[in-house]
>>> print(open('entry-v9.pdb').read())   # PDB, C-alpha atoms, pLDDT in the B column
ATOM      1  CA  MET J 740      -8.919  12.901 -12.065  1.00 51.00           C
ATOM      2  CA  ALA J 741      -5.774  13.696 -14.023  1.00 55.00           C
ATOM      3  CA  GLN J 742      -4.512  15.823 -11.124  1.00 60.00           C
ATOM      4  CA  LYS J 743      -4.730  12.903  -8.682  1.00 61.00           C
ATOM      5  CA  LYS J 744      -2.718  10.661 -10.973  1.00 60.00           C
ATOM      6  CA  ALA J 745      -0.121  13.369 -11.531  1.00 55.00           C
ATOM      7  CA  ASP J 746       0.226  13.923  -7.787  1.00 60.00           C
ATOM      8  CA  LYS J 747       0.955  10.244  -7.143  1.00 69.00           C
ATOM      9  CA  ILE J 748       3.893  10.112  -9.569  1.00 69.00           C
ATOM     10  CA  GLU J 749       7.051  10.828  -7.632  1.00 68.00           C
ATOM     11  CA  PRO J 750       9.736  12.702  -9.551  1.00 70.00           C
ATOM     12  CA  PHE J 751      13.030  10.872 -10.007  1.00 68.00           C
ATOM     13  CA  ARG J 752      15.627  12.097  -7.566  1.00 77.00           C
ATOM     14  CA  PHE J 753      19.265  11.213  -8.006  1.00 83.00           C
ATOM     15  CA  GLY J 754      20.162  10.125  -4.479  1.00 89.00           C
ATOM     16  CA  LYS J 755      23.467   9.464  -2.773  1.00 91.00           C
ATOM     17  CA  ILE J 756      23.577   5.785  -3.783  1.00 92.00           C
ATOM     18  CA  ASN J 757      22.864   6.702  -7.409  1.00 92.00           C
ATOM     19  CA  ILE J 758      25.726   9.189  -7.466  1.00 93.00           C
ATOM     20  CA  LEU J 759      28.139   6.684  -5.919  1.00 94.00           C
ATOM     21  CA  LEU J 760      27.194   3.988  -8.427  1.00 94.00           C
ATOM     22  CA  PHE J 761      27.536   6.434 -11.317  1.00 95.00           C
ATOM     23  CA  ILE J 762      30.977   7.566 -10.131  1.00 96.00           C
ATOM     24  CA  ALA J 763      32.045   3.920  -9.779  1.00 96.00           C
ATOM     25  CA  ALA J 764      30.855   3.294 -13.344  1.00 96.00           C
ATOM     26  CA  ILE J 765      32.813   6.253 -14.697  1.00 97.00           C
ATOM     27  CA  ILE J 766      35.958   5.124 -12.855  1.00 96.00           C
ATOM     28  CA  ALA J 767      35.552   1.542 -14.132  1.00 95.00           C
ATOM     29  CA  ILE J 768      35.098   2.816 -17.696  1.00 96.00           C
ATOM     30  CA  ILE J 769      38.146   5.107 -17.550  1.00 95.00           C
ATOM     31  CA  ILE J 770      40.355   2.381 -16.070  1.00 94.00           C
ATOM     32  CA  GLY J 771      38.929  -0.089 -18.605  1.00 94.00           C
ATOM     33  CA  PHE J 772      39.902   2.153 -21.526  1.00 93.00           C
ATOM     34  CA  ILE J 773      43.397   2.581 -20.102  1.00 91.00           C
ATOM     35  CA  ILE J 774      43.873  -1.170 -19.574  1.00 92.00           C
ATOM     36  CA  VAL J 775      42.206  -2.265 -22.830  1.00 91.00           C
ATOM     37  CA  ASN J 776      45.375  -1.324 -24.738  1.00 84.00           C
ATOM     38  CA  SER J 777      47.274  -4.109 -22.986  1.00 80.00           C
ATOM     39  CA  THR J 778      46.960  -7.770 -23.915  1.00 71.00           C
ATOM     40  CA  THR J 779      44.812  -8.763 -20.927  1.00 79.00           C
ATOM     41  CA  THR J 780      41.040  -9.022 -21.076  1.00 86.00           C
ATOM     42  CA  PHE J 781      40.603  -7.264 -17.738  1.00 91.00           C
ATOM     43  CA  GLY J 782      40.039  -3.953 -19.529  1.00 92.00           C
ATOM     44  CA  THR J 783      37.111  -5.299 -21.523  1.00 92.00           C
ATOM     45  CA  ILE J 784      35.623  -6.805 -18.370  1.00 93.00           C
ATOM     46  CA  LEU J 785      35.781  -3.398 -16.686  1.00 94.00           C
ATOM     47  CA  LEU J 786      34.160  -1.747 -19.700  1.00 95.00           C
ATOM     48  CA  VAL J 787      31.295  -4.244 -19.732  1.00 96.00           C
ATOM     49  CA  LEU J 788      30.914  -3.892 -15.971  1.00 96.00           C
ATOM     50  CA  GLY J 789      30.760  -0.110 -16.262  1.00 96.00           C
ATOM     51  CA  TYR J 790      28.467   0.156 -19.285  1.00 97.00           C
ATOM     52  CA  ALA J 791      26.187  -2.851 -18.804  1.00 97.00           C
ATOM     53  CA  VAL J 792      25.947  -3.138 -15.024  1.00 96.00           C
ATOM     54  CA  LEU J 793      26.918  -0.050 -13.056  1.00 95.00           C
ATOM     55  CA  ILE J 794      25.349   2.692 -15.205  1.00 95.00           C
ATOM     56  CA  PRO J 795      21.947   0.931 -15.432  1.00 95.00           C
ATOM     57  CA  LEU J 796      22.099   0.220 -11.691  1.00 93.00           C
ATOM     58  CA  SER J 797      22.789   3.865 -10.956  1.00 93.00           C
ATOM     59  CA  LEU J 798      19.643   4.791 -12.869  1.00 91.00           C
ATOM     60  CA  LEU J 799      17.353   2.054 -11.537  1.00 91.00           C
ATOM     61  CA  VAL J 800      18.189   1.870  -7.837  1.00 89.00           C
ATOM     62  CA  ARG J 801      15.994   3.915  -5.516  1.00 83.00           C
ATOM     63  CA  GLU J 802      16.639   4.672  -1.896  1.00 77.00           C
ATOM     64  CA  LYS J 803      14.285   2.982   0.513  1.00 76.00           C
ATOM     65  CA  LYS J 804      11.979   5.233   2.442  1.00 71.00           C
ATOM     66  CA  SER J 805      12.485   5.017   6.143  1.00 66.00           C
ATOM     67  CA  ARG J 806       9.710   3.426   8.155  1.00 61.00           C
ATOM     68  CA  ASP J 807       9.322   6.490  10.372  1.00 54.00           C
ATOM     69  CA  LYS J 808       8.506   8.709   7.404  1.00 56.00           C
ATOM     70  CA  THR J 809       5.830   6.371   6.080  1.00 55.00           C
ATOM     71  CA  ILE J 810       4.226   6.021   9.507  1.00 57.00           C
ATOM     72  CA  SER J 811       4.110   9.790  10.023  1.00 54.00           C
ATOM     73  CA  GLN J 812       2.652  10.276   6.545  1.00 57.00           C
ATOM     74  CA  LYS J 813      -0.100   7.734   7.253  1.00 57.00           C
ATOM     75  CA  ARG J 814      -1.005   9.521  10.485  1.00 57.00           C
ATOM     76  CA  GLN J 815      -1.383  12.851   8.670  1.00 59.00           C
ATOM     77  CA  VAL J 816      -3.863  11.399   6.185  1.00 54.00           C
TER      78      VAL J 816
END
>>> encode(input="entry-v9.pdb", output="structure tokens")
Amino acid sequence: MAQKKADKIEPFRFGKINILLFIAAIIAIIIGFIIVNSTTTFGTILLVLGYAVLIPLSLLVREKKSRDKTISQKRQV
């Protein structure tokens, strides 16, 4: 029974959208640290956007499976 449950758990794969979101977060953080030395608050906004929004999104977002793949998998079962 433990084998069936282990087979159903899909390993986390870092897809193309995850990589793009992570790169955007890193860029926002770097630019935020550069701008934070000035008197504007735009740097802090970029830091919050990078740390609190983009990095968690890059970890949580999953690519949708295409409909053709799910249909072909159902036919094989």
>>> resolve_selection(input="entry-v9.pdb", expression="the PyMOL selection byres ((chain J and resi 763) around 12)", output="PDB file with C-alpha atoms, in the coordinates of the input")
ATOM      1  CA  ILE J 756      23.577   5.785  -3.783  1.00 92.00           C
ATOM      2  CA  ASN J 757      22.864   6.702  -7.409  1.00 92.00           C
ATOM      3  CA  ILE J 758      25.726   9.189  -7.466  1.00 93.00           C
ATOM      4  CA  LEU J 759      28.139   6.684  -5.919  1.00 94.00           C
ATOM      5  CA  LEU J 760      27.194   3.988  -8.427  1.00 94.00           C
ATOM      6  CA  PHE J 761      27.536   6.434 -11.317  1.00 95.00           C
ATOM      7  CA  ILE J 762      30.977   7.566 -10.131  1.00 96.00           C
ATOM      8  CA  ALA J 764      30.855   3.294 -13.344  1.00 96.00           C
ATOM      9  CA  ILE J 765      32.813   6.253 -14.697  1.00 97.00           C
ATOM     10  CA  ILE J 766      35.958   5.124 -12.855  1.00 96.00           C
ATOM     11  CA  ALA J 767      35.552   1.542 -14.132  1.00 95.00           C
ATOM     12  CA  ILE J 768      35.098   2.816 -17.696  1.00 96.00           C
ATOM     13  CA  ILE J 769      38.146   5.107 -17.550  1.00 95.00           C
ATOM     14  CA  ILE J 770      40.355   2.381 -16.070  1.00 94.00           C
ATOM     15  CA  GLY J 771      38.929  -0.089 -18.605  1.00 94.00           C
ATOM     16  CA  LEU J 785      35.781  -3.398 -16.686  1.00 94.00           C
ATOM     17  CA  LEU J 786      34.160  -1.747 -19.700  1.00 95.00           C
ATOM     18  CA  LEU J 788      30.914  -3.892 -15.971  1.00 96.00           C
ATOM     19  CA  GLY J 789      30.760  -0.110 -16.262  1.00 96.00           C
ATOM     20  CA  TYR J 790      28.467   0.156 -19.285  1.00 97.00           C
ATOM     21  CA  VAL J 792      25.947  -3.138 -15.024  1.00 96.00           C
ATOM     22  CA  LEU J 793      26.918  -0.050 -13.056  1.00 95.00           C
ATOM     23  CA  ILE J 794      25.349   2.692 -15.205  1.00 95.00           C
ATOM     24  CA  PRO J 795      21.947   0.931 -15.432  1.00 95.00           C
ATOM     25  CA  LEU J 796      22.099   0.220 -11.691  1.00 93.00           C
ATOM     26  CA  SER J 797      22.789   3.865 -10.956  1.00 93.00           C
TER      27      SER J 797
END
>>> atom_distance(input="entry-v9.pdb", atom1="atom CA of Phe753 of chain J", atom2="atom CA of Leu798 of chain J")
8.1 Å
>>> atom_distance(input="entry-v9.pdb", atom1="atom CA of Arg752 of chain J", atom2="atom CA of Ala791 of chain J")
21.5 Å
>>> atom_distance(input="entry-v9.pdb", atom1="atom CA of Val800 of chain J", atom2="atom CA of Lys755 of chain J")
10.5 Å
>>> residues_near_point(input="entry-v9.pdb", point="(40.6, -0.6, -24.9)", cutoff="12 Å", atoms="all atoms listed in the file", output="ChimeraX atom specification")
/J:768-787
